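Undergrad: If it helps, the file is called data04.cif and holds mmCIF, C-alpha atoms:
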data_work
#
loop_
_atom_site.label_atom_id
_atom_site.label_comp_id
_atom_site.auth_asym_id
_atom_site.auth_seq_id
_atom_site.Cartn_x
_atom_site.Cartn_y
_atom_site.Cartn_z
CA MET A 287 -88.74 39.57 54.64
CA ALA A 288 -90.43 38.63 51.37
CA THR A 289 -92.87 41.03 49.80
CA PHE A 290 -95.87 40.36 47.64
CA PRO A 291 -94.94 40.75 43.94
CA LYS A 292 -96.01 43.84 42.04
CA LEU A 293 -97.32 43.90 38.51
CA LYS A 294 -95.42 45.66 35.73
CA THR A 295 -97.48 48.75 36.43
CA ALA A 296 -96.20 48.67 40.05
CA ALA A 297 -99.74 47.90 41.20
CA VAL A 298 -100.37 45.02 43.59
CA ALA A 299 -103.97 44.34 42.68
CA GLN A 300 -106.61 44.92 40.03
CA TYR A 301 -110.32 45.60 40.25
CA PRO A 302 -112.38 44.05 41.73
CA LEU A 303 -110.46 43.88 44.99
CA GLY A 304 -112.14 42.14 47.91
CA ARG A 305 -111.11 43.31 51.39
CA THR A 306 -112.56 41.58 54.42
CA ILE A 307 -112.34 42.59 58.06
CA ALA A 308 -113.05 39.70 60.37
CA PHE A 309 -113.56 39.71 64.13
CA GLN A 310 -113.85 36.62 66.24
CA ASN A 311 -116.36 37.07 69.03
CA GLN A 312 -118.14 34.58 71.21
CA THR A 313 -121.73 34.86 72.35
CA LEU A 314 -123.29 33.08 75.28
CA THR A 315 -127.08 33.09 75.33
CA PHE A 316 -128.78 32.52 78.65
CA LEU A 317 -132.15 30.93 79.38
CA ASP A 318 -133.82 34.31 79.73
CA GLY A 319 -132.60 35.33 76.28
CA THR A 320 -129.93 37.74 77.41
CA GLN A 321 -126.55 37.41 75.85
CA GLN A 322 -123.03 37.89 77.02
CA ARG A 323 -120.46 38.63 74.36
CA TYR A 324 -116.70 38.69 74.50
CA ARG A 325 -113.77 39.00 72.17
CA ASP A 326 -111.89 35.85 71.30
CA THR A 327 -109.06 37.71 69.63
CA GLY A 328 -107.34 40.96 70.40
CA SER A 329 -107.77 42.57 67.02
CA ALA A 330 -109.50 42.31 63.68
CA ARG A 331 -108.09 40.13 60.97
CA LEU A 332 -107.76 41.51 57.43
CA GLU A 333 -108.03 39.54 54.26
CA TRP A 334 -107.59 40.62 50.64
CA GLU A 335 -108.87 38.68 47.66
CA ILE A 336 -106.68 39.65 44.71
CA ARG A 337 -108.03 38.69 41.31
CA LEU A 338 -105.51 39.20 38.55
CA ALA A 339 -106.32 39.05 34.84
CA GLU A 340 -104.70 40.02 31.53
CA LEU A 341 -101.27 39.30 32.99
CA ASP A 342 -98.28 38.65 30.79
CA GLU A 343 -96.24 35.49 31.21
CA GLY A 344 -93.65 37.21 33.38
CA GLU A 345 -96.23 38.55 35.81
CA VAL A 346 -97.92 35.15 36.09
CA ALA A 347 -94.54 33.52 36.66
CA ALA A 348 -93.75 36.04 39.42
CA VAL A 349 -96.95 35.12 41.28
CA GLU A 350 -96.24 31.41 40.81
CA GLU A 351 -92.67 31.85 42.00
CA PHE A 352 -93.93 33.76 45.03
CA PHE A 353 -96.40 30.96 45.81
CA LEU A 354 -93.67 28.33 45.57
CA THR A 355 -91.16 30.35 47.58
CA ASN A 356 -93.74 30.73 50.34
CA GLN A 357 -94.69 27.05 50.10
CA GLY A 358 -98.31 27.98 49.80
CA ALA A 359 -99.90 29.07 53.04
CA PHE A 360 -96.78 28.39 55.09
CA GLY A 361 -94.60 31.43 54.46
CA SER A 362 -94.95 34.89 55.87
CA PHE A 363 -94.42 38.12 53.96
CA ALA A 364 -94.98 41.86 54.06
CA PHE A 365 -98.03 43.19 52.29
CA THR A 366 -99.10 46.74 51.55
CA ASP A 367 -102.86 47.24 51.67
CA PRO A 368 -103.77 48.40 48.15
CA VAL A 369 -106.72 50.35 49.56
CA ASP A 370 -105.03 52.58 52.11
CA GLY A 371 -101.32 51.93 51.59
CA GLN A 372 -100.75 50.66 55.12
CA ASP A 373 -98.00 48.08 55.50
CA TYR A 374 -98.65 44.76 57.21
CA ASP A 375 -95.43 42.92 57.92
CA ASP A 376 -96.84 39.49 58.76
CA CYS A 377 -99.21 38.09 56.15
CA SER A 378 -99.64 34.74 54.44
CA LEU A 379 -101.43 33.26 51.50
CA ARG A 380 -104.69 31.77 52.61
CA ALA A 381 -104.64 28.55 50.57
CA ASP A 382 -102.21 25.82 49.61
CA GLY A 383 -103.42 25.93 46.01
CA LEU A 384 -102.83 28.29 43.11
CA ASP A 385 -104.76 28.02 39.84
CA VAL A 386 -103.26 29.75 36.84
CA THR A 387 -105.02 29.99 33.50
CA ALA A 388 -103.52 31.31 30.27
CA VAL A 389 -106.28 31.86 27.74
CA GLY A 390 -103.91 33.45 25.24
CA GLU A 391 -100.63 35.23 24.84
CA MET A 392 -100.27 37.86 27.60
CA ARG A 393 -103.67 36.87 28.92
CA GLY A 394 -102.98 34.99 32.11
CA ALA A 395 -105.25 35.01 35.14
CA THR A 396 -105.08 33.86 38.72
CA THR A 397 -106.55 34.64 42.12
CA VAL A 398 -104.76 34.76 45.45
CA THR A 399 -106.06 35.54 48.88
CA VAL A 400 -103.76 37.21 51.39
CA VAL A 401 -104.52 37.05 55.10
CA GLN A 402 -103.03 39.01 57.94
CA ASN A 403 -101.52 36.67 60.51
CA LYS A 404 -102.31 37.13 64.10
CA ARG A 405 -99.24 37.57 66.24
CA SER A 406 -98.88 35.01 68.99
CA MET B 892 -86.83 8.71 30.45
CA PRO B 893 -89.54 9.24 27.79
CA ILE B 894 -90.41 12.82 26.94
CA TYR B 895 -93.84 14.31 26.30
CA PRO B 896 -94.07 15.06 22.54
CA GLN B 897 -93.98 18.50 20.94
CA LEU B 898 -96.49 19.46 18.26
CA ALA B 899 -95.38 19.92 14.67
CA THR B 900 -94.96 23.66 15.32
CA GLY B 901 -92.46 22.99 18.08
CA ALA B 902 -94.99 24.09 20.71
CA LEU B 903 -95.90 21.86 23.61
CA CYS B 904 -99.49 22.98 23.97
CA GLN B 905 -102.14 25.41 22.81
CA PHE B 906 -104.16 28.04 24.60
CA PRO B 907 -105.95 27.82 26.94
CA LEU B 908 -103.43 26.31 29.31
CA LYS B 909 -104.39 25.68 32.90
CA LYS B 910 -101.82 25.03 35.59
CA VAL B 911 -102.54 24.20 39.20
CA ARG B 912 -100.03 24.25 42.04
CA ARG B 913 -100.76 22.52 45.33
CA THR B 914 -98.72 22.57 48.48
CA ARG B 915 -99.51 21.22 51.93
CA THR B 916 -99.28 23.13 55.15
CA VAL B 917 -100.20 21.61 58.47
CA VAL B 918 -101.93 24.28 60.53
CA ASN B 919 -102.60 24.20 64.23
CA ARG B 920 -105.07 27.01 64.88
CA ALA B 921 -105.54 28.19 68.45
CA THR B 922 -108.79 29.61 69.76
CA ASP B 923 -107.37 33.13 69.91
CA GLY B 924 -106.67 33.04 66.18
CA THR B 925 -102.92 32.41 66.30
CA GLU B 926 -101.59 29.69 64.06
CA ILE B 927 -98.63 27.36 64.18
CA LYS B 928 -97.70 26.16 60.71
CA LEU B 929 -95.58 23.33 59.42
CA ALA B 930 -94.65 23.09 55.74
CA ASP B 931 -94.55 19.80 53.86
CA PRO B 932 -92.39 20.40 50.75
CA ALA B 933 -92.63 16.76 49.69
CA ALA B 934 -96.37 17.10 49.12
CA GLU B 935 -96.05 19.66 46.32
CA ILE B 936 -98.18 18.83 43.29
CA THR B 937 -98.30 20.53 39.89
CA GLN B 938 -101.02 19.76 37.36
CA TRP B 939 -101.50 20.91 33.79
CA ARG B 940 -104.61 20.74 31.66
CA LEU B 941 -103.71 20.89 27.97
CA GLU B 942 -106.57 21.45 25.55
CA TYR B 943 -105.74 20.70 21.94
CA VAL B 944 -107.81 21.60 18.91
CA ASP B 945 -107.16 21.23 15.19
CA LEU B 946 -104.38 18.72 15.63
CA SER B 947 -103.28 17.02 12.46
CA ASP B 948 -103.73 13.26 12.22
CA GLN B 949 -99.99 12.90 12.64
CA GLU B 950 -99.94 15.00 15.84
CA ALA B 951 -102.95 13.16 17.25
CA GLN B 952 -101.32 9.83 16.46
CA ALA B 953 -98.11 10.94 18.20
CA LEU B 954 -100.13 11.76 21.32
CA ARG B 955 -101.99 8.45 21.14
CA ASP B 956 -98.75 6.51 20.68
CA PHE B 957 -97.16 8.28 23.61
CA PHE B 958 -100.21 7.69 25.83
CA THR B 959 -100.17 4.02 24.86
CA ALA B 960 -96.44 3.71 25.52
CA MET B 961 -96.95 5.24 28.98
CA GLU B 962 -99.88 2.87 29.57
CA GLY B 963 -102.04 5.74 30.76
CA SER B 964 -101.11 6.98 34.19
CA LEU B 965 -98.84 4.03 34.94
CA ASN B 966 -95.42 5.11 33.71
CA GLY B 967 -93.57 8.34 34.28
CA PHE B 968 -92.14 10.70 31.70
CA THR B 969 -90.35 14.01 31.52
CA PHE B 970 -92.60 16.99 30.95
CA LEU B 971 -91.30 20.41 30.00
CA ASP B 972 -93.50 23.12 31.50
CA PRO B 973 -95.01 24.92 28.49
CA GLY B 974 -95.50 28.09 30.52
CA GLY B 975 -92.20 28.05 32.36
CA ASN B 976 -88.54 28.83 32.11
CA LEU B 977 -86.67 25.53 31.84
CA LEU B 978 -83.58 26.93 33.56
CA SER B 979 -83.38 27.03 37.33
CA ALA B 980 -81.86 29.73 39.56
CA THR B 981 -82.11 32.38 36.86
CA GLU B 982 -81.89 35.16 39.43
CA GLU B 983 -78.85 33.57 41.11
CA LEU B 984 -76.13 33.04 38.51
CA THR B 985 -73.61 31.98 41.16
CA ALA B 986 -75.80 29.03 42.22
CA GLN B 987 -74.28 25.58 41.93
CA VAL B 988 -76.54 24.58 39.09
CA TRP B 989 -74.69 27.05 36.84
CA GLN B 990 -71.48 25.64 35.36
CA LYS B 991 -69.01 28.51 35.28
CA ASP B 992 -65.73 28.31 33.40
CA PRO B 993 -62.72 29.06 35.64
CA MET B 994 -61.66 32.44 34.25
CA LEU B 995 -65.15 33.88 34.42
CA THR B 996 -66.06 36.13 37.35
CA VAL B 997 -69.75 36.65 38.01
CA THR B 998 -71.05 39.36 40.34
CA GLY B 999 -74.61 40.38 41.12
CA GLY B 1000 -76.45 43.51 42.19
CA ILE B 1001 -76.31 45.16 38.76
CA ALA B 1002 -79.20 47.38 37.63
CA ASP B 1003 -81.50 45.38 35.37
CA PRO B 1004 -83.68 46.64 32.51
CA PHE B 1005 -86.79 46.74 34.73
CA GLY B 1006 -85.48 49.04 37.43
CA SER B 1007 -84.37 46.46 39.98
CA THR B 1008 -80.86 45.24 40.69
CA ASN B 1009 -81.22 41.61 39.66
CA ALA B 1010 -78.77 41.66 36.74
CA TRP B 1011 -75.31 40.12 36.79
CA GLN B 1012 -71.93 41.01 35.37
CA ALA B 1013 -69.71 38.33 33.85
CA VAL B 1014 -66.06 39.28 33.30
CA ASN B 1015 -63.78 37.01 31.34
CA SER B 1016 -60.19 37.63 32.44
CA GLY B 1017 -58.86 34.72 30.41
CA SER B 1018 -57.47 34.54 26.91
CA ALA B 1019 -60.12 32.17 25.59
CA THR B 1020 -63.90 32.31 25.53
CA GLN B 1021 -65.56 31.33 28.81
CA ALA B 1022 -69.11 30.20 29.41
CA LEU B 1023 -71.78 30.22 32.06
CA ALA B 1024 -74.19 27.39 31.35
CA GLN B 1025 -76.65 24.84 32.67
CA THR B 1026 -77.13 21.29 31.45
CA LEU B 1027 -80.75 20.17 31.36
CA GLU B 1028 -82.03 16.61 31.09
CA VAL B 1029 -84.08 17.36 28.00
CA PRO B 1030 -84.22 15.70 24.59
CA GLY B 1031 -81.86 16.90 21.88
CA ASP B 1032 -84.35 16.76 19.05
CA TYR B 1033 -86.74 19.36 20.49
CA LEU B 1034 -86.80 22.96 19.36
CA TYR B 1035 -85.50 25.35 22.04
CA CYS B 1036 -85.34 29.10 22.36
CA LEU B 1037 -82.63 30.61 24.55
CA SER B 1038 -83.05 34.30 25.35
CA ALA B 1039 -81.40 36.83 27.65
CA TYR B 1040 -81.05 40.56 28.21
CA VAL B 1041 -77.44 41.65 27.65
CA ARG B 1042 -75.39 44.84 27.45
CA LEU B 1043 -71.84 46.17 27.57
CA SER B 1044 -69.97 43.66 25.47
CA PRO B 1045 -68.18 45.11 22.45
CA GLY B 1046 -67.51 41.65 21.08
CA GLY B 1047 -71.08 40.46 21.51
CA VAL B 1048 -72.09 37.28 23.29
CA GLY B 1049 -72.46 33.67 22.28
CA LEU B 1050 -75.69 31.85 23.01
CA ILE B 1051 -75.03 28.16 23.61
CA LEU B 1052 -77.74 25.69 22.60
CA GLY B 1053 -76.39 22.17 22.76
CA GLY B 1054 -73.40 21.89 20.48
CA GLU B 1055 -74.21 25.12 18.69
CA THR B 1056 -73.08 28.62 19.67
CA VAL B 1057 -74.88 31.55 18.07
CA GLN B 1058 -73.24 34.99 18.18
CA ARG B 1059 -75.38 38.00 19.03
CA ALA B 1060 -74.47 41.67 19.30
CA ALA B 1061 -74.72 43.49 22.63
CA GLY B 1062 -74.65 47.28 22.83
CA SER B 1063 -74.32 49.78 25.62
CA SER B 1064 -78.03 49.62 26.44
CA TRP B 1065 -80.04 46.55 27.36
CA SER B 1066 -81.23 44.45 24.45
CA ARG B 1067 -82.85 41.05 24.40
CA VAL B 1068 -81.01 38.47 22.35
CA ALA B 1069 -82.43 35.10 21.39
CA ALA B 1070 -81.53 32.04 19.39
CA VAL B 1071 -83.59 29.05 18.35
CA ALA B 1072 -82.12 25.63 17.63
CA ALA B 1073 -82.50 21.93 18.14
CA GLY B 1074 -79.65 19.78 19.35
CA ASP B 1075 -78.30 16.38 18.55
CA PRO B 1076 -81.37 14.12 18.03
CA SER B 1077 -79.77 11.30 19.98
CA ALA B 1078 -78.80 13.49 22.97
CA GLU B 1079 -80.60 13.04 26.28
CA SER B 1080 -79.37 16.31 27.71
CA MET B 1081 -78.69 19.80 26.37
CA ARG B 1082 -76.35 22.53 27.53
CA PHE B 1083 -77.66 26.10 27.49
CA GLY B 1084 -75.70 29.18 28.40
CA ILE B 1085 -73.89 32.36 27.53
CA GLU B 1086 -70.37 32.57 26.18
CA VAL B 1087 -68.21 35.62 26.90
CA ALA B 1088 -65.31 36.49 24.59
CA ALA B 1089 -61.73 36.66 25.91
CA GLY B 1090 -61.15 39.83 27.91
CA ALA B 1091 -64.77 40.92 27.56
CA ALA B 1092 -67.35 41.85 30.16
CA VAL B 1093 -71.08 41.48 29.74
CA GLN B 1094 -74.06 42.28 31.91
CA ILE B 1095 -76.73 39.59 31.88
CA TYR B 1096 -80.32 39.47 33.01
CA GLY B 1097 -83.27 37.18 32.43
CA VAL B 1098 -81.71 34.08 30.95
CA GLN B 1099 -84.50 31.86 29.73
CA VAL B 1100 -84.92 28.60 27.86
CA GLU B 1101 -88.27 27.50 26.46
CA ALA B 1102 -89.20 24.44 24.47
CA GLN B 1103 -90.71 26.41 21.61
CA GLY B 1104 -89.72 28.37 18.55
CA GLY B 1105 -89.68 31.87 20.05
CA ALA B 1106 -89.11 33.76 23.28
CA SER B 1107 -91.97 34.80 25.54
CA ALA B 1108 -91.78 37.29 28.41
CA TYR B 1109 -89.01 36.54 30.88
CA LYS B 1110 -90.05 34.35 33.79
CA ALA B 1111 -87.78 34.32 36.82
CA SER B 1112 -87.30 30.72 37.84
CA THR B 1113 -85.96 29.02 40.95
CA ARG B 1114 -86.98 25.45 40.36
CA GLY B 1115 -86.79 25.22 36.58
CA GLY B 1116 -89.42 23.89 34.23
CA VAL B 1117 -88.16 20.35 33.65
CA TYR B 1118 -90.45 17.93 35.46
CA ALA B 1119 -89.02 14.43 35.54
CA ASP B 1120 -91.40 11.59 36.41
CA ALA B 1121 -94.62 13.33 35.47
CA HIS B 1122 -97.65 11.15 34.77
CA PHE B 1123 -100.85 11.34 32.81
CA GLY B 1124 -103.64 12.30 35.16
CA SER B 1125 -106.01 9.75 33.71
CA ASP B 1126 -106.05 6.28 32.23
CA GLU B 1127 -108.20 7.43 29.34
CA LEU B 1128 -107.36 9.58 26.34
CA LYS B 1129 -110.28 10.59 24.18
CA VAL B 1130 -109.35 12.05 20.80
CA THR B 1131 -112.24 13.49 18.81
CA CYS B 1132 -111.94 13.67 15.05
CA THR B 1133 -113.67 16.96 14.17
CA GLY B 1134 -112.96 16.94 10.45
CA LEU B 1135 -110.49 15.96 7.81
CA ASN B 1136 -107.05 16.04 9.46
CA ARG B 1137 -108.56 17.87 12.43
CA ASN B 1138 -108.54 16.35 15.89
CA SER B 1139 -109.08 17.62 19.38
CA CYS B 1140 -108.41 16.25 22.83
CA THR B 1141 -107.69 17.25 26.41
CA VAL B 1142 -104.72 15.91 28.31
CA ASN B 1143 -104.20 16.12 32.07
CA ILE B 1144 -100.68 15.79 33.41
CA ILE B 1145 -99.63 15.61 37.03
CA HIS B 1146 -96.28 15.89 38.74
CA ALA B 1147 -95.98 15.13 42.41
CA ASN B 1148 -92.78 15.37 44.44
CA HIS B 1149 -93.75 12.38 46.55
CA LEU B 1150 -94.55 9.98 43.69
#
What is this structure when it is put down as structure tokens?
TA:
Amino acid sequence: MATFPKLKTAAVAQYPLGRTIAFQNQTLTFLDGTQQRYRDTGSARLEWEIRLAELDEGEVAAVEEFFLTNQGAFGSFAFTDPVDGQDYDDCSLRADGLDVTAVGEMRGATTVTVVQNKRS
Amino acid sequence: MPIYPQLATGALCQFPLKKVRRTRTVVNRATDGTEIKLADPAAEITQWRLEYVDLSDQEAQALRDFFTAMEGSLNGFTFLDPGGNLLSATEELTAQVWQKDPMLTVTGGIADPFGSTNAWQAVNSGSATQALAQTLEVPGDYLYCLSAYVRLSPGGVGLILGGETVQRAAGSSWSRVAAVAAGDPSAESMRFGIEVAAGAAVQIYGVQVEAQGGASAYKASTRGGVYADAHFGSDELKVTCTGLNRNSCTVNIIHANHL
């Protein structure tokens, strides 16, 4: 199982780190205004927005290599939540695109979003 | 195939450099949130945005001439990724892309200088020097830097750049060795690798080739940074003359697997 690459400092993410918890519920509203709600999925879905800056060329290349190895959003990998250290063994990148900017030597930047896959 | 020109310094671009990777995944999302995914490797696209400032008239003219020769986005050319390692399979020295001389034994799982076990050991049991090398379809007249982390070779190692082999010392602890050279100007391919002396053993990690005059941080590479059949992303090239012998322009380059 692939794992999300760590920076040279052994950290996975930098500040600011966005962490989203998403539920998927359905709501039916009746003519009298009452509502009936139900869950569409069995559990919450987690998502981490990882913004990386001031990376050296090797760190940027590791993220790029990881993106290519996973073929964008296709691949699945293990990810450790940087907030609480909990391991999630089935995650994917959210998007099929990766933008990398190098504004100077050892000053690379990129953003990736990791999503927890729902087990079928 | 034509090759995108280097600047007078031997660099391919200036900062800032922007690179965009695009893949395509077909996703079938069910109402309960589960997803069935299908990858489409042929749809992979890589784009670079190169912003140049303070180019000399000669450098600007070289870019203009090349753009004209390519007729804008019409014709393809080879582009060497300015932010990448030109070698492929740098973490897998037994991969087919590496040309290994017969008396050389290469084994992996060796502790590398960064605390992992991604280094390799090359043992030459023969009575002549043996090499582990890759041949890249790159122009001979460019400036290249070959670098690698090496250790445990009393006789040192040879760094092969085209027809030239440069000897570098290797001690008992990891050290990064590098050599810079251009090859035969008429050559359309260059061989890069590491030469091990007869009877010697050397541990190797992080072999890297860059089309520039010095080594940057090691970048592990699977695909390699040589992009054949890249195209200009636009049919227009605007070069602004900002002063005497000072020009600036922005170039967009695209490489698509399916083109």
Undergrad: To verify the selection step, state as a PDB file with C-alpha atoms, in the coordinates of the input which residues the PyMOL selection byres ((chain B) within 9 of (chain A)) yields on this input.
TA:
ATOM      1  CA  GLN B 905    -102.140  25.410  22.810  1.00  0.00           C
ATOM      2  CA  PHE B 906    -104.160  28.040  24.600  1.00  0.00           C
ATOM      3  CA  PRO B 907    -105.950  27.820  26.940  1.00  0.00           C
ATOM      4  CA  LEU B 908    -103.430  26.310  29.310  1.00  0.00           C
ATOM      5  CA  LYS B 909    -104.390  25.680  32.900  1.00  0.00           C
ATOM      6  CA  LYS B 910    -101.820  25.030  35.590  1.00  0.00           C
ATOM      7  CA  VAL B 911    -102.540  24.200  39.200  1.00  0.00           C
ATOM      8  CA  ARG B 912    -100.030  24.250  42.040  1.00  0.00           C
ATOM      9  CA  ARG B 913    -100.760  22.520  45.330  1.00  0.00           C
ATOM     10  CA  THR B 914     -98.720  22.570  48.480  1.00  0.00           C
ATOM     11  CA  ARG B 915     -99.510  21.220  51.930  1.00  0.00           C
ATOM     12  CA  THR B 916     -99.280  23.130  55.150  1.00  0.00           C
ATOM     13  CA  VAL B 917    -100.200  21.610  58.470  1.00  0.00           C
ATOM     14  CA  VAL B 918    -101.930  24.280  60.530  1.00  0.00           C
ATOM     15  CA  THR B 922    -108.790  29.610  69.760  1.00  0.00           C
ATOM     16  CA  ASP B 923    -107.370  33.130  69.910  1.00  0.00           C
ATOM     17  CA  GLY B 924    -106.670  33.040  66.180  1.00  0.00           C
ATOM     18  CA  THR B 925    -102.920  32.410  66.300  1.00  0.00           C
ATOM     19  CA  GLU B 926    -101.590  29.690  64.060  1.00  0.00           C
ATOM     20  CA  LYS B 928     -97.700  26.160  60.710  1.00  0.00           C
ATOM     21  CA  LEU B 929     -95.580  23.330  59.420  1.00  0.00           C
ATOM     22  CA  ALA B 930     -94.650  23.090  55.740  1.00  0.00           C
ATOM     23  CA  ASP B 931     -94.550  19.800  53.860  1.00  0.00           C
ATOM     24  CA  PRO B 932     -92.390  20.400  50.750  1.00  0.00           C
ATOM     25  CA  GLU B 935     -96.050  19.660  46.320  1.00  0.00           C
ATOM     26  CA  GLY B 974     -95.500  28.090  30.520  1.00  0.00           C
ATOM     27  CA  GLY B 975     -92.200  28.050  32.360  1.00  0.00           C
ATOM     28  CA  ASN B 976     -88.540  28.830  32.110  1.00  0.00           C
ATOM     29  CA  PHE B1005     -86.790  46.740  34.730  1.00  0.00           C
ATOM     30  CA  SER B1107     -91.970  34.800  25.540  1.00  0.00           C
ATOM     31  CA  ALA B1108     -91.780  37.290  28.410  1.00  0.00           C
ATOM     32  CA  TYR B1109     -89.010  36.540  30.880  1.00  0.00           C
ATOM     33  CA  LYS B1110     -90.050  34.350  33.790  1.00  0.00           C
ATOM     34  CA  ALA B1111     -87.780  34.320  36.820  1.00  0.00           C
ATOM     35  CA  SER B1112     -87.300  30.720  37.840  1.00  0.00           C
ATOM     36  CA  THR B1113     -85.960  29.020  40.950  1.00  0.00           C
ATOM     37  CA  ARG B1114     -86.980  25.450  40.360  1.00  0.00           C
TER      38      ARG B1114
END
Undergrad: Expanded to explicit residues, what is the PyMOL selection byres ((chain B and resi 952-954) around 12) for this file, as number ranges by chain?
TA: B: 894-899, 903-904, 941, 943, 946-951, 955-961, 963, 1123, 1128-1132, 1136-1142
Undergrad: Tell me, in Å to one decimal, how far CA of Pro302 (chain A) is from CA of Leu338 (chain A).
TA: 9.0 Å
Undergrad: So how many Å separate CA of Gln372 (chain A) and CA of Ala299 (chain A), to one decimal?
TA: 14.3 Å
Undergrad: Identify all residues satisfying the PyMOL selection byres ((chain B and resi 983) around 10) in the given file; provide them as a list in words.
TA: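 In the shown coordinates, the PyMOL selection byres ((chain B and resi 983) around 10) covers Ser979, Ala980, Thr981, Glu982, Leu984, Thr985, Ala986, Gln987, Val988, Trp989, Thr998, Gly999, Asn1009, Ala1010, Trp1011, Ala1111, Ser1112 and Thr1113 of chain B.
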Undergrad: Store the residues of this selection in a file with C-alpha atoms, as a PDB file, in the coordinates of the input.
TA:
ATOM      1  CA  SER B 979     -83.380  27.030  37.330  1.00  0.00           C
ATOM      2  CA  ALA B 980     -81.860  29.730  39.560  1.00  0.00           C
ATOM      3  CA  THR B 981     -82.110  32.380  36.860  1.00  0.00           C
ATOM      4  CA  GLU B 982     -81.890  35.160  39.430  1.00  0.00           C
ATOM      5  CA  LEU B 984     -76.130  33.040  38.510  1.00  0.00           C
ATOM      6  CA  THR B 985     -73.610  31.980  41.160  1.00  0.00           C
ATOM      7  CA  ALA B 986     -75.800  29.030  42.220  1.00  0.00           C
ATOM      8  CA  GLN B 987     -74.280  25.580  41.930  1.00  0.00           C
ATOM      9  CA  VAL B 988     -76.540  24.580  39.090  1.00  0.00           C
ATOM     10  CA  TRP B 989     -74.690  27.050  36.840  1.00  0.00           C
ATOM     11  CA  THR B 998     -71.050  39.360  40.340  1.00  0.00           C
ATOM     12  CA  GLY B 999     -74.610  40.380  41.120  1.00  0.00           C
ATOM     13  CA  ASN B1009     -81.220  41.610  39.660  1.00  0.00           C
ATOM     14  CA  ALA B1010     -78.770  41.660  36.740  1.00  0.00           C
ATOM     15  CA  TRP B1011     -75.310  40.120  36.790  1.00  0.00           C
ATOM     16  CA  ALA B1111     -87.780  34.320  36.820  1.00  0.00           C
ATOM     17  CA  SER B1112     -87.300  30.720  37.840  1.00  0.00           C
ATOM     18  CA  THR B1113     -85.960  29.020  40.950  1.00  0.00           C
TER      19      THR B1113
END
Undergrad: Do you have the CA of Leu978 (chain B)-CA of Gln990 (chain B) distance handy?
TA: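 So the answer is 12.3 Å.
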Undergrad: Excluding Val1048 (chain B) and its own-chain neighbours fewer than 2 positions away, which residues fall within 10 Å of it when counting only C-alpha atoms? Please give them as a ChimeraX atom specification.
TA: /B:1020,1022,1041-1046,1050-1051,1056-1061,1068,1085-1088,1091-1093
Undergrad: I'd like the contact shell of Ile336 (chain A) - 8 Å cut-off, all atoms listed in the file, skipping same-chain residues fewer than 4 positions apart - returned as a ChimeraX atom specification.
TA: /A:299-300,302-304,397-400
Undergrad: How about saving the chosen residues, C-alpha atoms kept, as a tab-separated table (two decimals), in the coordinates of the input?
TA:
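File written: again-v3.tsv
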chain	number	residue	atom	x	y	z
A	299	ALA	CA	-103.97	44.34	42.68
A	300	GLN	CA	-106.61	44.92	40.03
A	302	PRO	CA	-112.38	44.05	41.73
A	303	LEU	CA	-110.46	43.88	44.99
A	304	GLY	CA	-112.14	42.14	47.91
A	397	THR	CA	-106.55	34.64	42.12
A	398	VAL	CA	-104.76	34.76	45.45
A	399	THR	CA	-106.06	35.54	48.88
A	400	VAL	CA	-103.76	37.21	51.39
Undergrad: Using all atoms listed in the file, which of B:Gly1000, B:Gly1097, B:Pro893, B:Pro973 sits nearest Trp939 (chain B)?
TA: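 Of B:Gly1000, B:Gly1097, B:Pro893, B:Pro973, the one nearest Trp939 (chain B), counting all atoms listed in the file, is B:Pro973.
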